Amino acid sequence: DGGITQSPKYLFRKEGQNVTLSCEQNLNHDAMYWYRQDPGQGLRLIYYSQIVNDFQKGDIAEGYSVSREKKESFPLTVTSAQKNPTAFYLCASRGPGELFFGEGSRLTVL
Amino acid sequence: AQSVTQLDSQVPVFEEAPVELRCNYSSSVSVYLFWYVQYPNQGLQLLLKYLSGSTLVKGINGFEAEFNKSQTSFHLRKPSVHISDTAEYFCAVSGGSNYKLTFGKGTLLTVNP
């Protein structure tokens, strides 16, 4: 089935460690997005990419990095510079007239 | 710049009652409007969208919404809710071709028996 796969679903890390969240899509979509979700805050855009080898910062990019070496893949790295990384992270890709979302990755910093 | 305000953070209703979840937006350009639903620990699923044309939009699971340009609103309605409609609902706006969606903070709909 076509869709977006995020992994891992749950992730724990210690303070000071970088962690990479995976996002893979087989929908043949050009554009991909990373959102962060906190309780009562809605979704906030971290980074987006409209084409391979190109990406732009969203509203809360500080402490995050991305790459887009392949059309199917858009991994997000949460670096040690991110002051409050505990959150639910959602990846999406853009189809005709809408965004399609993955199931999310919940990151907890211990 | 664009923004979305969901006027109610929580809406409790009884089963089979009607419900309206309110959404107001602001944007300096023509907009596309969306409602998404999220069940616990899952991603978002599209309920319905307004891109152009008829201002009354019908979506999945019996939901509908009406685009009101003069009031800059896009309220979501359902005439009779079920227990299974309990979830968080997000209104979103996009004002350009890059589809950078701006989301509201969400409304938690709780349907009680």
# chains A, B, ... in the order shown; residues from 1 in each chain; ligands from 1
>>> closest_atom_pairs(of="chain B", to="chain A", cutoff="10 Å", atoms="only C-alpha atoms", output="tab-separated table")
residue	atom	partner	partner_atom	distance
B:Ser9	CA	A:Gly40	CA	7.8
B:Tyr32	CA	A:Gly97	CA	8.8
B:Leu33	CA	A:Glu98	CA	9.8
B:Phe34	CA	A:Glu98	CA	8.3
B:Tyr36	CA	A:Leu99	CA	9.9
B:Gln38	CA	A:Glu103	CA	9.9
B:Asn41	CA	A:Gly104	CA	7.5
B:Gln42	CA	A:Glu103	CA	4.9
B:Gly43	CA	A:Glu103	CA	4.1
B:Leu44	CA	A:Phe101	CA	5.8
B:Gln45	CA	A:Phe101	CA	7.2
B:Leu46	CA	A:Glu98	CA	7.9
B:Leu48	CA	A:Glu98	CA	9.5
B:Lys49	CA	A:Glu98	CA	7.9
B:Tyr50	CA	A:Gly97	CA	9.2
B:Leu51	CA	A:Gly97	CA	7.5
B:Glu88	CA	A:Gly42	CA	10.0
B:Tyr89	CA	A:Gly42	CA	9.7
B:Phe90	CA	A:Gly42	CA	7.5
B:Cys91	CA	A:Gly42	CA	9.4
B:Ala92	CA	A:Leu43	CA	9.5
B:Ser94	CA	A:Glu98	CA	9.9
B:Ser97	CA	A:Gly97	CA	9.8
B:Asn98	CA	A:Gln50	CA	7.5
B:Tyr99	CA	A:Arg94	CA	7.6
B:Lys100	CA	A:Leu45	CA	8.0
B:Leu101	CA	A:Leu45	CA	8.1
B:Thr102	CA	A:Arg44	CA	7.4
B:Phe103	CA	A:Leu43	CA	5.8
B:Gly104	CA	A:Gly42	CA	5.7
B:Lys105	CA	A:Gly42	CA	3.8
B:Gly106	CA	A:Gly42	CA	5.7
B:Thr107	CA	A:Gly40	CA	8.8
B:Leu108	CA	A:Gly40	CA	9.5
>>> write_last_selection(atoms="N, CA and C atoms", output="tab-separated table (two decimals), in the first residue's frame")
chain	number	residue	atom	x	y	z
B	9	SER	N	-11.16	24.93	22.75
B	9	SER	CA	-10.13	23.90	22.92
B	9	SER	C	-10.74	22.54	23.22
B	32	TYR	N	-6.61	28.20	0.87
B	32	TYR	CA	-7.13	26.85	0.86
B	32	TYR	C	-7.35	26.47	2.32
B	33	LEU	N	-8.45	25.80	2.63
B	33	LEU	CA	-8.79	25.50	4.02
B	33	LEU	C	-9.02	24.00	4.19
B	34	PHE	N	-8.64	23.51	5.36
B	34	PHE	CA	-8.67	22.08	5.61
B	34	PHE	C	-9.15	21.80	7.04
B	36	TYR	N	-8.59	18.44	9.59
B	36	TYR	CA	-7.98	17.12	9.81
B	36	TYR	C	-8.46	16.57	11.16
B	38	GLN	N	-7.40	13.71	14.28
B	38	GLN	CA	-6.31	12.92	14.85
B	38	GLN	C	-6.83	12.08	16.01
B	41	ASN	N	-2.28	9.19	19.51
B	41	ASN	CA	-1.00	8.61	19.08
B	41	ASN	C	-0.98	8.18	17.62
B	42	GLN	N	-1.74	8.89	16.80
B	42	GLN	CA	-1.74	8.61	15.37
B	42	GLN	C	-1.47	9.88	14.58
B	43	GLY	N	-1.30	9.71	13.29
B	43	GLY	CA	-1.13	10.86	12.42
B	43	GLY	C	-2.46	11.53	12.14
B	44	LEU	N	-2.43	12.48	11.22
B	44	LEU	CA	-3.63	13.24	10.87
B	44	LEU	C	-4.27	12.67	9.62
B	45	GLN	N	-5.60	12.66	9.61
B	45	GLN	CA	-6.37	12.19	8.46
B	45	GLN	C	-7.23	13.34	7.96
B	46	LEU	N	-7.25	13.54	6.67
B	46	LEU	CA	-8.03	14.63	6.10
B	46	LEU	C	-9.52	14.32	6.19
B	48	LEU	N	-11.93	16.99	5.24
B	48	LEU	CA	-12.45	17.72	4.08
B	48	LEU	C	-11.55	18.91	3.79
B	49	LYS	N	-11.77	19.49	2.60
B	49	LYS	CA	-10.95	20.62	2.18
B	49	LYS	C	-11.76	21.55	1.30
B	50	TYR	N	-11.42	22.83	1.37
B	50	TYR	CA	-11.96	23.82	0.45
B	50	TYR	C	-10.80	24.38	-0.37
B	51	LEU	N	-10.89	24.20	-1.68
B	51	LEU	CA	-9.88	24.76	-2.58
B	51	LEU	C	-10.49	25.86	-3.44
B	88	GLU	N	-9.24	14.57	18.27
B	88	GLU	CA	-8.86	15.97	18.18
B	88	GLU	C	-8.98	16.41	16.72
B	89	TYR	N	-9.50	17.61	16.53
B	89	TYR	CA	-9.77	18.12	15.20
B	89	TYR	C	-8.95	19.40	14.98
B	90	PHE	N	-8.30	19.46	13.84
B	90	PHE	CA	-7.44	20.59	13.51
B	90	PHE	C	-7.93	21.27	12.24
B	91	CYS	N	-8.04	22.59	12.33
B	91	CYS	CA	-8.31	23.42	11.17
B	91	CYS	C	-6.96	23.93	10.65
B	92	ALA	N	-6.82	24.04	9.34
B	92	ALA	CA	-5.55	24.49	8.77
B	92	ALA	C	-5.81	25.36	7.55
B	94	SER	N	-3.79	27.23	4.07
B	94	SER	CA	-2.63	27.36	3.21
B	94	SER	C	-2.88	28.51	2.25
B	97	SER	N	1.21	28.22	-3.13
B	97	SER	CA	1.40	26.97	-3.85
B	97	SER	C	2.36	26.01	-3.16
B	98	ASN	N	3.11	26.50	-2.17
B	98	ASN	CA	4.02	25.60	-1.47
B	98	ASN	C	3.31	24.77	-0.41
B	99	TYR	N	2.01	25.00	-0.23
B	99	TYR	CA	1.20	24.23	0.70
B	99	TYR	C	1.80	24.20	2.09
B	100	LYS	N	2.35	25.31	2.52
B	100	LYS	CA	2.79	25.40	3.91
B	100	LYS	C	1.54	25.57	4.75
B	101	LEU	N	1.06	24.49	5.33
B	101	LEU	CA	-0.15	24.57	6.14
B	101	LEU	C	0.15	25.20	7.49
B	102	THR	N	-0.69	26.14	7.88
B	102	THR	CA	-0.66	26.69	9.24
B	102	THR	C	-1.86	26.11	9.98
B	103	PHE	N	-1.58	25.49	11.12
B	103	PHE	CA	-2.61	24.79	11.87
B	103	PHE	C	-3.11	25.60	13.05
B	104	GLY	N	-4.37	25.40	13.40
B	104	GLY	CA	-4.89	25.87	14.67
B	104	GLY	C	-4.40	24.97	15.79
B	105	LYS	N	-4.74	25.34	17.03
B	105	LYS	CA	-4.25	24.59	18.18
B	105	LYS	C	-5.07	23.34	18.48
B	106	GLY	N	-6.14	23.15	17.74
B	106	GLY	CA	-6.91	21.93	17.89
B	106	GLY	C	-8.11	22.07	18.81
B	107	THR	N	-9.14	21.25	18.53
B	107	THR	CA	-10.32	21.15	19.38
B	107	THR	C	-10.53	19.69	19.72
B	108	LEU	N	-10.55	19.39	21.01
B	108	LEU	CA	-10.80	18.02	21.44
B	108	LEU	C	-12.30	17.81	21.56
>>> select_by_dssp(residues="segment 6-110 of chain A", states="strand (DSSP E)", output="ChimeraX atom specification")
/A:6-7,10-13,19-25,32-38,42-51,54-57,64-66,76-78,87-95,98-101,105-109
>>> atom_distance(atom1="atom CA of Ala87 of chain A", atom2="atom CA of Ser67 of chain A")
20.4 Å
>>> atom_distance(atom1="atom CA of Gly2 of chain A", atom2="atom CA of Gln25 of chain A")
7.6 Å
>>> residues_around(residues="Pro75 of chain A", least_positions_apart="3", cutoff="7 Å", atoms="only C-alpha atoms", output="number ranges by chain")
A: 20-23, 66-67
>>> select_by_dssp(residues="chain B", states="helix (DSSP H, G or I)", output="PyMOL selection string")
chain B and resi 60-62+83-85
>>> write_last_selection(atoms="N, CA, C and O atoms", output="CSV table (one decimal), in the first residue's frame")
chain,number,residue,atom,x,y,z
B,60,ILE,N,-15.6,13.2,4.8
B,60,ILE,CA,-15.9,11.8,5.3
B,60,ILE,C,-16.6,11.8,6.6
B,60,ILE,O,-16.6,12.8,7.3
B,61,ASN,N,-17.1,10.6,6.9
B,61,ASN,CA,-17.8,10.4,8.2
B,61,ASN,C,-18.9,11.3,8.5
B,61,ASN,O,-19.2,11.5,9.7
B,62,GLY,N,-19.6,11.9,7.5
B,62,GLY,CA,-20.7,12.7,7.7
B,62,GLY,C,-20.4,14.2,8.1
B,62,GLY,O,-21.4,14.9,8.4
B,83,ILE,N,-19.9,8.0,19.3
B,83,ILE,CA,-18.8,7.8,20.2
B,83,ILE,C,-17.5,7.8,19.5
B,83,ILE,O,-16.5,8.3,19.9
B,84,SER,N,-17.5,7.1,18.3
B,84,SER,CA,-16.2,7.0,17.5
B,84,SER,C,-15.7,8.3,17.0
B,84,SER,O,-14.6,8.4,16.4
B,85,ASP,N,-16.5,9.4,17.0
B,85,ASP,CA,-16.0,10.7,16.6
B,85,ASP,C,-15.1,11.4,17.6
B,85,ASP,O,-14.6,12.4,17.3
>>> residues_around(residues="Asn26 of chain A", least_positions_apart="5", cutoff="8 Å", atoms="only C-alpha atoms", output="count of residues only")
4
